[in-house]
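Engineer: final.cif is the file, holding mmCIF, N, CA and C atoms:
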```
data_final
loop_
_atom_site.label_atom_id
_atom_site.label_comp_id
_atom_site.auth_asym_id
_atom_site.auth_seq_id
_atom_site.Cartn_x
_atom_site.Cartn_y
_atom_site.Cartn_z
N MET A 1 0.84 -1.18 0.00
CA MET A 1 0.00 0.00 0.00
C MET A 1 0.89 1.24 0.00
N LYS A 2 0.55 2.18 -0.87
CA LYS A 2 1.25 3.46 -0.91
C LYS A 2 0.55 4.42 0.05
N HIS A 3 1.34 5.38 0.55
CA HIS A 3 0.74 6.45 1.35
C HIS A 3 1.68 7.64 1.36
N ALA A 4 1.11 8.81 1.51
CA ALA A 4 1.90 10.03 1.57
C ALA A 4 1.12 11.09 2.34
N THR A 5 1.86 11.89 3.10
CA THR A 5 1.25 12.98 3.85
C THR A 5 1.91 14.28 3.43
N THR A 6 1.12 15.25 3.08
CA THR A 6 1.62 16.57 2.72
C THR A 6 0.79 17.62 3.46
N THR A 7 1.40 18.77 3.63
CA THR A 7 0.72 19.89 4.29
C THR A 7 0.80 21.10 3.38
N THR A 8 -0.31 21.79 3.26
CA THR A 8 -0.34 23.03 2.51
C THR A 8 -0.74 24.15 3.47
N THR A 9 -0.22 25.34 3.22
CA THR A 9 -0.55 26.51 4.03
C THR A 9 -1.30 27.51 3.16
N VAL A 10 -2.40 28.01 3.70
CA VAL A 10 -3.19 29.03 3.01
C VAL A 10 -3.43 30.18 3.99
N THR A 11 -3.66 31.37 3.45
CA THR A 11 -3.97 32.53 4.28
C THR A 11 -5.23 33.18 3.74
N PRO A 12 -6.36 32.94 4.39
CA PRO A 12 -7.60 33.59 3.97
C PRO A 12 -7.45 35.11 4.06
N ASP A 13 -8.21 35.84 3.25
CA ASP A 13 -8.05 37.29 3.23
C ASP A 13 -8.93 38.03 4.23
N ARG A 14 -9.90 37.32 4.84
CA ARG A 14 -10.77 37.99 5.81
C ARG A 14 -11.55 36.93 6.59
N ARG A 15 -12.23 37.38 7.62
CA ARG A 15 -13.10 36.50 8.39
C ARG A 15 -14.24 36.03 7.48
N LEU A 16 -14.61 34.77 7.62
CA LEU A 16 -15.65 34.12 6.81
C LEU A 16 -15.30 34.06 5.32
N ALA A 17 -14.00 34.09 5.04
CA ALA A 17 -13.54 33.89 3.66
C ALA A 17 -13.47 32.40 3.36
N PHE A 18 -13.69 32.05 2.12
CA PHE A 18 -13.56 30.69 1.63
C PHE A 18 -12.28 30.57 0.82
N VAL A 19 -11.56 29.46 1.00
CA VAL A 19 -10.36 29.18 0.21
C VAL A 19 -10.58 27.83 -0.45
N ASP A 20 -10.49 27.79 -1.78
CA ASP A 20 -10.67 26.55 -2.53
C ASP A 20 -9.40 25.72 -2.44
N LEU A 21 -9.53 24.53 -1.89
CA LEU A 21 -8.40 23.62 -1.70
C LEU A 21 -8.42 22.44 -2.67
N THR A 22 -9.34 22.45 -3.62
CA THR A 22 -9.51 21.30 -4.50
C THR A 22 -8.26 21.01 -5.32
N ASP A 23 -7.61 22.04 -5.83
CA ASP A 23 -6.38 21.82 -6.60
C ASP A 23 -5.25 21.29 -5.71
N ASP A 24 -5.20 21.75 -4.46
CA ASP A 24 -4.21 21.24 -3.51
C ASP A 24 -4.46 19.75 -3.24
N LEU A 25 -5.72 19.37 -3.10
CA LEU A 25 -6.09 17.97 -2.91
C LEU A 25 -5.67 17.15 -4.12
N ARG A 26 -5.97 17.62 -5.32
CA ARG A 26 -5.59 16.89 -6.54
C ARG A 26 -4.07 16.73 -6.64
N ARG A 27 -3.34 17.79 -6.29
CA ARG A 27 -1.87 17.73 -6.34
C ARG A 27 -1.35 16.71 -5.32
N ALA A 28 -1.92 16.69 -4.12
CA ALA A 28 -1.50 15.73 -3.09
C ALA A 28 -1.73 14.29 -3.57
N ILE A 29 -2.87 14.07 -4.23
CA ILE A 29 -3.16 12.73 -4.77
C ILE A 29 -2.16 12.36 -5.86
N LYS A 30 -1.94 13.28 -6.79
CA LYS A 30 -1.00 13.02 -7.89
C LYS A 30 0.40 12.74 -7.36
N ASP A 31 0.86 13.60 -6.43
CA ASP A 31 2.22 13.44 -5.89
C ASP A 31 2.39 12.15 -5.09
N SER A 32 1.30 11.62 -4.54
CA SER A 32 1.37 10.39 -3.74
C SER A 32 1.57 9.15 -4.60
N GLY A 33 1.17 9.23 -5.88
CA GLY A 33 1.23 8.07 -6.75
C GLY A 33 0.07 7.10 -6.55
N VAL A 34 -0.87 7.44 -5.68
CA VAL A 34 -2.04 6.59 -5.43
C VAL A 34 -3.05 6.82 -6.55
N THR A 35 -3.54 5.72 -7.11
CA THR A 35 -4.59 5.84 -8.13
C THR A 35 -5.95 5.40 -7.60
N ASP A 36 -5.96 4.49 -6.64
CA ASP A 36 -7.22 4.03 -6.04
C ASP A 36 -7.03 3.92 -4.53
N GLY A 37 -7.90 4.59 -3.80
CA GLY A 37 -7.80 4.58 -2.34
C GLY A 37 -8.63 5.70 -1.75
N ALA A 38 -8.00 6.47 -0.88
CA ALA A 38 -8.72 7.56 -0.22
C ALA A 38 -7.74 8.66 0.14
N ALA A 39 -8.29 9.84 0.28
CA ALA A 39 -7.52 10.99 0.74
C ALA A 39 -8.24 11.56 1.96
N ILE A 40 -7.49 11.79 3.00
CA ILE A 40 -8.01 12.45 4.18
C ILE A 40 -7.51 13.89 4.14
N ALA A 41 -8.42 14.84 4.27
CA ALA A 41 -8.06 16.24 4.41
C ALA A 41 -8.38 16.62 5.85
N PHE A 42 -7.39 17.13 6.57
CA PHE A 42 -7.54 17.45 7.99
C PHE A 42 -7.02 18.85 8.27
N CYS A 43 -7.77 19.60 9.06
CA CYS A 43 -7.37 20.95 9.44
C CYS A 43 -7.12 20.99 10.95
N PRO A 44 -5.87 21.22 11.38
CA PRO A 44 -5.54 21.17 12.81
C PRO A 44 -5.74 22.50 13.54
N HIS A 45 -6.79 23.21 13.22
CA HIS A 45 -7.09 24.50 13.85
C HIS A 45 -8.50 24.48 14.43
N THR A 46 -8.71 25.25 15.50
CA THR A 46 -10.02 25.25 16.16
C THR A 46 -10.91 26.40 15.76
N THR A 47 -10.46 27.27 14.86
CA THR A 47 -11.31 28.40 14.47
C THR A 47 -11.40 28.55 12.95
N CYS A 48 -11.29 27.44 12.26
CA CYS A 48 -11.62 27.40 10.83
C CYS A 48 -12.19 26.03 10.53
N GLN A 49 -12.66 25.82 9.33
CA GLN A 49 -13.47 24.65 9.02
C GLN A 49 -13.19 24.17 7.60
N LEU A 50 -13.28 22.87 7.39
CA LEU A 50 -13.24 22.31 6.04
C LEU A 50 -14.66 21.97 5.63
N LEU A 51 -15.01 22.32 4.42
CA LEU A 51 -16.34 22.04 3.88
C LEU A 51 -16.20 21.43 2.49
N VAL A 52 -17.14 20.58 2.14
CA VAL A 52 -17.27 20.12 0.76
C VAL A 52 -18.62 20.63 0.29
N ASN A 53 -18.58 21.53 -0.68
CA ASN A 53 -19.81 22.11 -1.18
C ASN A 53 -19.54 22.76 -2.53
N GLU A 54 -20.54 23.42 -3.04
CA GLU A 54 -20.45 24.09 -4.34
C GLU A 54 -19.77 25.44 -4.18
N TRP A 55 -18.83 25.74 -5.08
CA TRP A 55 -18.18 27.05 -5.09
C TRP A 55 -19.09 27.96 -5.92
N GLU A 56 -19.95 28.66 -5.22
CA GLU A 56 -20.92 29.55 -5.88
C GLU A 56 -21.15 30.74 -4.96
N ASP A 57 -20.99 31.94 -5.50
CA ASP A 57 -21.03 33.15 -4.68
C ASP A 57 -22.28 33.25 -3.82
N GLY A 58 -23.44 32.95 -4.37
CA GLY A 58 -24.69 33.05 -3.62
C GLY A 58 -24.74 32.08 -2.45
N ALA A 59 -24.28 30.86 -2.66
CA ALA A 59 -24.27 29.86 -1.59
C ALA A 59 -23.33 30.29 -0.47
N MET A 60 -22.17 30.82 -0.83
CA MET A 60 -21.22 31.25 0.19
C MET A 60 -21.75 32.48 0.94
N GLU A 61 -22.40 33.38 0.23
CA GLU A 61 -23.01 34.55 0.88
C GLU A 61 -24.10 34.10 1.85
N ASP A 62 -24.93 33.15 1.43
CA ASP A 62 -25.99 32.63 2.30
C ASP A 62 -25.40 31.98 3.56
N PHE A 63 -24.34 31.21 3.39
CA PHE A 63 -23.69 30.55 4.52
C PHE A 63 -23.18 31.58 5.52
N ARG A 64 -22.48 32.61 5.01
CA ARG A 64 -21.96 33.66 5.89
C ARG A 64 -23.10 34.33 6.67
N ALA A 65 -24.17 34.67 5.98
CA ALA A 65 -25.28 35.37 6.63
C ALA A 65 -25.94 34.51 7.70
N ARG A 66 -26.21 33.24 7.39
CA ARG A 66 -26.87 32.38 8.37
C ARG A 66 -25.96 32.11 9.57
N LEU A 67 -24.68 31.90 9.31
CA LEU A 67 -23.75 31.63 10.40
C LEU A 67 -23.61 32.86 11.32
N THR A 68 -23.60 34.04 10.74
CA THR A 68 -23.51 35.27 11.52
C THR A 68 -24.78 35.49 12.34
N GLU A 69 -25.94 35.15 11.78
CA GLU A 69 -27.19 35.24 12.53
C GLU A 69 -27.22 34.23 13.67
N LEU A 70 -26.76 33.04 13.40
CA LEU A 70 -26.80 31.96 14.39
C LEU A 70 -25.83 32.22 15.55
N VAL A 71 -24.64 32.72 15.23
CA VAL A 71 -23.61 32.97 16.24
C VAL A 71 -23.06 34.39 16.06
N PRO A 72 -23.77 35.39 16.55
CA PRO A 72 -23.32 36.77 16.39
C PRO A 72 -22.06 37.06 17.21
N GLU A 73 -21.26 37.99 16.74
CA GLU A 73 -20.01 38.32 17.41
C GLU A 73 -20.22 39.21 18.63
N ASP A 74 -21.33 39.92 18.70
CA ASP A 74 -21.55 40.93 19.75
C ASP A 74 -22.28 40.38 20.98
N ARG A 75 -22.10 39.11 21.27
CA ARG A 75 -22.70 38.47 22.45
C ARG A 75 -21.60 38.13 23.45
N TYR A 76 -22.02 37.82 24.66
CA TYR A 76 -21.07 37.38 25.68
C TYR A 76 -20.64 35.94 25.39
N TYR A 77 -19.34 35.70 25.43
CA TYR A 77 -18.78 34.36 25.31
C TYR A 77 -17.83 34.14 26.48
N ALA A 78 -18.08 33.10 27.26
CA ALA A 78 -17.25 32.81 28.42
C ALA A 78 -15.79 32.62 28.02
N HIS A 79 -15.56 32.11 26.83
CA HIS A 79 -14.20 31.92 26.32
C HIS A 79 -13.42 33.23 26.31
N ASP A 80 -14.13 34.34 26.11
CA ASP A 80 -13.48 35.66 26.02
C ASP A 80 -13.32 36.33 27.38
N ASP A 81 -13.91 35.79 28.42
CA ASP A 81 -13.91 36.41 29.74
C ASP A 81 -12.64 36.00 30.49
N MET A 82 -11.61 36.85 30.43
CA MET A 82 -10.32 36.52 31.02
C MET A 82 -10.34 36.54 32.55
N GLU A 83 -11.42 37.04 33.15
CA GLU A 83 -11.53 37.00 34.60
C GLU A 83 -11.99 35.64 35.09
N ARG A 84 -12.59 34.83 34.21
CA ARG A 84 -13.02 33.50 34.63
C ARG A 84 -12.32 32.37 33.89
N ARG A 85 -11.72 32.66 32.77
CA ARG A 85 -11.06 31.61 31.99
C ARG A 85 -9.71 31.26 32.59
N THR A 86 -9.45 29.97 32.74
CA THR A 86 -8.19 29.51 33.35
C THR A 86 -7.46 28.46 32.52
N GLN A 87 -8.03 28.02 31.42
CA GLN A 87 -7.43 26.92 30.65
C GLN A 87 -6.91 27.40 29.30
N ASN A 88 -5.89 26.72 28.82
CA ASN A 88 -5.35 26.91 27.47
C ASN A 88 -5.04 28.37 27.16
N LEU A 89 -4.38 29.02 28.09
CA LEU A 89 -4.01 30.43 27.92
C LEU A 89 -2.58 30.53 27.41
N GLN A 90 -2.38 31.41 26.45
CA GLN A 90 -1.04 31.64 25.90
C GLN A 90 -0.82 33.15 25.88
N GLU A 91 0.15 33.62 26.64
CA GLU A 91 0.40 35.04 26.77
C GLU A 91 0.65 35.68 25.40
N GLY A 92 -0.02 36.78 25.17
CA GLY A 92 0.13 37.51 23.91
C GLY A 92 -0.70 36.95 22.78
N HIS A 93 -1.40 35.85 23.01
CA HIS A 93 -2.17 35.20 21.95
C HIS A 93 -3.68 35.36 22.14
N GLU A 94 -4.11 35.55 23.36
CA GLU A 94 -5.54 35.54 23.65
C GLU A 94 -6.23 36.81 23.15
N ARG A 95 -7.40 36.62 22.57
CA ARG A 95 -8.23 37.73 22.11
C ARG A 95 -9.66 37.25 22.09
N GLU A 96 -10.57 38.12 21.84
CA GLU A 96 -11.99 37.77 21.84
C GLU A 96 -12.35 37.06 20.53
N ASN A 97 -12.43 35.74 20.61
CA ASN A 97 -12.81 34.95 19.44
C ASN A 97 -13.70 33.77 19.84
N GLY A 98 -14.43 33.93 20.93
CA GLY A 98 -15.35 32.88 21.37
C GLY A 98 -16.35 32.51 20.30
N HIS A 99 -16.81 33.51 19.56
CA HIS A 99 -17.76 33.26 18.47
C HIS A 99 -17.17 32.32 17.43
N SER A 100 -15.88 32.43 17.15
CA SER A 100 -15.23 31.55 16.16
C SER A 100 -15.20 30.11 16.64
N HIS A 101 -14.93 29.92 17.92
CA HIS A 101 -14.90 28.57 18.48
C HIS A 101 -16.30 27.94 18.47
N VAL A 102 -17.31 28.73 18.81
CA VAL A 102 -18.68 28.20 18.81
C VAL A 102 -19.11 27.83 17.39
N LYS A 103 -18.79 28.66 16.41
CA LYS A 103 -19.12 28.34 15.01
C LYS A 103 -18.47 27.03 14.60
N GLN A 104 -17.20 26.86 14.95
CA GLN A 104 -16.49 25.64 14.56
C GLN A 104 -17.09 24.42 15.25
N MET A 105 -17.47 24.55 16.52
CA MET A 105 -18.06 23.41 17.22
C MET A 105 -19.41 23.03 16.63
N LEU A 106 -20.18 24.01 16.19
CA LEU A 106 -21.47 23.71 15.56
C LEU A 106 -21.29 23.02 14.21
N LEU A 107 -20.27 23.42 13.47
CA LEU A 107 -20.04 22.84 12.15
C LEU A 107 -19.32 21.50 12.24
N THR A 108 -18.43 21.33 13.20
CA THR A 108 -17.73 20.10 13.56
C THR A 108 -17.04 19.36 12.40
N THR A 109 -16.57 20.07 11.42
CA THR A 109 -15.94 19.39 10.29
C THR A 109 -14.48 19.78 10.18
N THR A 110 -13.63 19.06 10.91
CA THR A 110 -12.20 19.33 10.81
C THR A 110 -11.51 18.43 9.80
N SER A 111 -12.25 17.40 9.31
CA SER A 111 -11.63 16.52 8.32
C SER A 111 -12.69 15.91 7.40
N HIS A 112 -12.22 15.47 6.26
CA HIS A 112 -13.07 14.77 5.29
C HIS A 112 -12.28 13.60 4.73
N ALA A 113 -12.95 12.48 4.54
CA ALA A 113 -12.38 11.34 3.83
C ALA A 113 -12.99 11.35 2.43
N ILE A 114 -12.13 11.42 1.43
CA ILE A 114 -12.59 11.55 0.04
C ILE A 114 -12.05 10.36 -0.75
N PRO A 115 -12.93 9.57 -1.34
CA PRO A 115 -12.47 8.43 -2.15
C PRO A 115 -11.64 8.92 -3.34
N VAL A 116 -10.69 8.07 -3.74
CA VAL A 116 -9.83 8.35 -4.90
C VAL A 116 -9.97 7.18 -5.86
N ALA A 117 -10.24 7.49 -7.13
CA ALA A 117 -10.30 6.47 -8.19
C ALA A 117 -9.68 7.05 -9.45
N ALA A 118 -8.90 6.23 -10.13
CA ALA A 118 -8.20 6.65 -11.35
C ALA A 118 -7.38 7.91 -11.10
N GLY A 119 -6.83 8.03 -9.88
CA GLY A 119 -5.96 9.16 -9.55
C GLY A 119 -6.66 10.47 -9.32
N GLU A 120 -7.99 10.44 -9.17
CA GLU A 120 -8.76 11.67 -8.98
C GLU A 120 -9.65 11.57 -7.75
N PRO A 121 -9.89 12.69 -7.06
CA PRO A 121 -10.85 12.67 -5.95
C PRO A 121 -12.26 12.48 -6.49
N LEU A 122 -13.04 11.64 -5.84
CA LEU A 122 -14.40 11.38 -6.31
C LEU A 122 -15.37 12.38 -5.69
N LEU A 123 -15.21 13.63 -6.11
CA LEU A 123 -16.12 14.69 -5.70
C LEU A 123 -17.25 14.77 -6.71
N GLY A 124 -18.40 15.23 -6.25
CA GLY A 124 -19.53 15.42 -7.15
C GLY A 124 -19.25 16.52 -8.17
N GLN A 125 -20.10 16.62 -9.17
CA GLN A 125 -19.88 17.54 -10.28
C GLN A 125 -19.55 18.96 -9.82
N TRP A 126 -20.24 19.47 -8.84
CA TRP A 126 -20.05 20.85 -8.41
C TRP A 126 -19.28 20.96 -7.09
N GLN A 127 -18.93 19.83 -6.50
CA GLN A 127 -18.29 19.87 -5.19
C GLN A 127 -16.85 20.33 -5.26
N ARG A 128 -16.48 21.11 -4.26
CA ARG A 128 -15.11 21.58 -4.07
C ARG A 128 -14.77 21.39 -2.60
N LEU A 129 -13.50 21.17 -2.31
CA LEU A 129 -13.03 21.14 -0.93
C LEU A 129 -12.61 22.56 -0.58
N MET A 130 -13.18 23.09 0.51
CA MET A 130 -12.93 24.47 0.88
C MET A 130 -12.58 24.60 2.35
N LEU A 131 -11.79 25.59 2.66
CA LEU A 131 -11.57 26.01 4.04
C LEU A 131 -12.36 27.30 4.22
N VAL A 132 -13.06 27.41 5.33
CA VAL A 132 -13.73 28.67 5.67
C VAL A 132 -13.11 29.19 6.96
N GLU A 133 -12.66 30.43 6.90
CA GLU A 133 -12.03 31.09 8.05
C GLU A 133 -13.13 31.63 8.96
N LEU A 134 -13.11 31.24 10.23
CA LEU A 134 -14.12 31.68 11.18
C LEU A 134 -13.60 32.75 12.13
N ASP A 135 -12.33 33.06 12.05
CA ASP A 135 -11.68 34.01 12.95
C ASP A 135 -10.98 35.07 12.10
N ASP A 136 -10.08 35.82 12.73
CA ASP A 136 -9.29 36.77 11.95
C ASP A 136 -8.34 35.98 11.05
N PRO A 137 -8.09 36.48 9.85
CA PRO A 137 -7.25 35.72 8.91
C PRO A 137 -5.82 35.57 9.42
N LYS A 138 -5.30 34.38 9.18
CA LYS A 138 -3.92 34.04 9.54
C LYS A 138 -3.52 32.81 8.73
N ASP A 139 -2.27 32.45 8.76
CA ASP A 139 -1.84 31.24 8.07
C ASP A 139 -2.56 30.03 8.66
N ARG A 140 -3.05 29.18 7.77
CA ARG A 140 -3.74 27.94 8.18
C ARG A 140 -3.10 26.78 7.45
N GLN A 141 -2.93 25.66 8.15
CA GLN A 141 -2.40 24.46 7.53
C GLN A 141 -3.53 23.47 7.29
N VAL A 142 -3.42 22.77 6.19
CA VAL A 142 -4.32 21.66 5.88
C VAL A 142 -3.44 20.47 5.53
N VAL A 143 -3.68 19.35 6.20
CA VAL A 143 -2.90 18.14 6.02
C VAL A 143 -3.68 17.20 5.11
N PHE A 144 -3.01 16.66 4.09
CA PHE A 144 -3.59 15.65 3.22
C PHE A 144 -2.84 14.34 3.43
N HIS A 145 -3.56 13.30 3.75
CA HIS A 145 -2.96 11.98 3.86
C HIS A 145 -3.66 11.10 2.82
N VAL A 146 -2.89 10.64 1.85
CA VAL A 146 -3.43 9.85 0.74
C VAL A 146 -2.88 8.43 0.87
N PHE A 147 -3.76 7.46 0.73
CA PHE A 147 -3.31 6.07 0.85
C PHE A 147 -4.11 5.19 -0.12
N GLY A 148 -3.50 4.10 -0.52
CA GLY A 148 -4.15 3.16 -1.43
C GLY A 148 -3.13 2.51 -2.34
N SER A 149 -3.60 2.11 -3.50
CA SER A 149 -2.69 1.44 -4.45
C SER A 149 -2.48 2.28 -5.69
#
```
What does the file become when written as C-alpha cells?

Structural biologist:
Amino acid sequence: MKHATTTTTVTPDRRLAFVDLTDDLRRAIKDSGVTDGAAIAFCPHTTCQLLVNEWEDGAMEDFRARLTELVPEDRYYAHDDMERRTQNLQEGHERENGHSHVKQMLLTTTSHAIPVAAGEPLLGQWQRLMLVELDDPKDRQVVFHVFGS
C-alpha cells in the first residue's frame, strides 16, 4: 500500500472567507502516486473549518449570513472572559474569538475522507473542498494523507 502525507498553508483574506483547496487535494493525490484509495483532508485549527460544497457566490453569501445570525459576534462568550477563563491560555495570543470557536463546534468538520479512483478525488460535479475562516485571517495548515494502491 502506498501512502503520503503533505501539508499546505493558506492565508484567507478575511473572516468568513472561503479558500478553494480542490487543486491542492488533486496535487496531493497526484504526488502520492495513489490511483485508487482515499484521501483524508484534515485541518488542525479550532477556528476554521473544512467544507465540501459548491463554489458559488450566492451559496457562500448565504452561509456567511446564516452563520452570523446563528452565532453573532456581539454576544457574551465565556471563552473571552479573562476574569473566569483559566485553561489553554497563551500570553500575547488571547483575544476575543469565542464566536469563532462556537461556530467551529457547531459545524464540527475538521476533516473529510474523500475516495480516490483513477488518480482523482471522487467529488460530485459541483463539489469543491474548501476552508472557511471563522476568525481573523492568519496562516492555516491543511494536512492531506493519501493512501491506497

Engineer: Please provide the set of residues having any atom within 10 Å of segment 26-31 of chain A, restricted to only C-alpha atoms, with same-chain residues fewer than 6 positions apart removed, written as JSON, numbers by chain.

Structural biologist: {"A": [3, 4, 5, 6, 7, 8, 37, 38, 39, 41, 116, 119, 120, 121, 143, 144, 145, 146, 147]}

Engineer: Where does the PyMOL selection byres ((chain A and resi 98-114) around 6) land in this file, that is, which residues does it pick, as a list in words?

Structural biologist: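 That expression, the PyMOL selection byres ((chain A and resi 98-114) around 6), corresponds here to Gly37, Ala38, Ala39, Ile40, Ala41, Phe42, Cys43, Thr46, Thr47, Cys48, Gln49, Leu50, Val71, Pro72, Glu73, Tyr77, His79, Asp80, Arg95, Glu96, Asn97, Pro115, Val116, Pro121, Leu122, Leu134 and Asp135 of chain A.
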
Engineer: Need the neighbours of (-11.4, 25.2, 3.6): which residues are at most 5 Å away, counting only N, CA and C atoms, as a list in words?

Structural biologist: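 Output of the proximity query reads Val19, Gln49, Leu50, Leu51, Met130, Leu131 and Val132 of chain A.
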
Engineer: Smallest atom-to-atom distance to Leu21 of chain A: which of A:Glu69, A:Ala118, A:Gln125, A:Thr9, using only C-alpha atoms?

Structural biologist: A:Thr9

Engineer: How far is it from atom N of Val10 of chain A to atom CA of Asp136 of chain A, in Å with one decimal?

Structural biologist: 13.9 Å

Engineer: Give me every helix (DSSP H, G or I) residue in chain A, going by DSSP on the backbone, as a PyMOL selection string.

Structural biologist: chain A and resi 22-32+57-70+78-80+98-107

Engineer: Give, as AutoDock Vina command-line options, the centre coordinates and the x, y and z edge lengths in Å to one decimal for an axis-aligned box around all listed atoms of segment 54-72 of chain A, padded by 3 Å on each side.

Structural biologist:
```
--center_x -22.7 --center_y 30.2 --center_z 5.6 --size_x 15.0 --size_y 19.6 --size_z 29.1
```

Engineer: Could you tell me which of A:Glu133, A:Ala59, A:Met1, A:Pro44 comes closest to Ala17 of chain A if we count all atoms listed in the file?

Structural biologist: A:Glu133

Engineer: Would you list the residues near (-2.9, 33.2, 2.9), meaning any protein, DNA or RNA residue with an atom at most 8 Å from that point in file coordinates, counting all atoms listed in the file, as a ChimeraX atom specification?

Structural biologist: /A:9-13,137-140

Engineer: Taking into account only N, CA and C atoms, which residue in the set A:Asp36, A:Glu83, A:Asp62, A:Asp57 is nearest to Gly148 of chain A?

Structural biologist: A:Asp36

Engineer: Rounded to one decimal in Å, what is the spacing between atom CA of Arg128 of chain A and atom CA of Asp23 of chain A?

Structural biologist: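 Interatomic distance here is 9.1 Å.
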
Engineer: My list of candidates is A:Arg75, A:Arg64, A:Arg15, A:Lys2. Which is closest to Ser149 of chain A when distances are computed with only N, CA and C atoms?

Structural biologist: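 Among the listed residues, A:Lys2 lies closest to Ser149 of chain A.
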
Engineer: Rounded to one decimal in Å, what is the spacing between atom CA of Glu61 of chain A and atom CA of His45 of chain A?

Structural biologist: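 If I compute the distance from atom CA of Glu61 of chain A to atom CA of His45 of chain A, I get 22.9 Å.
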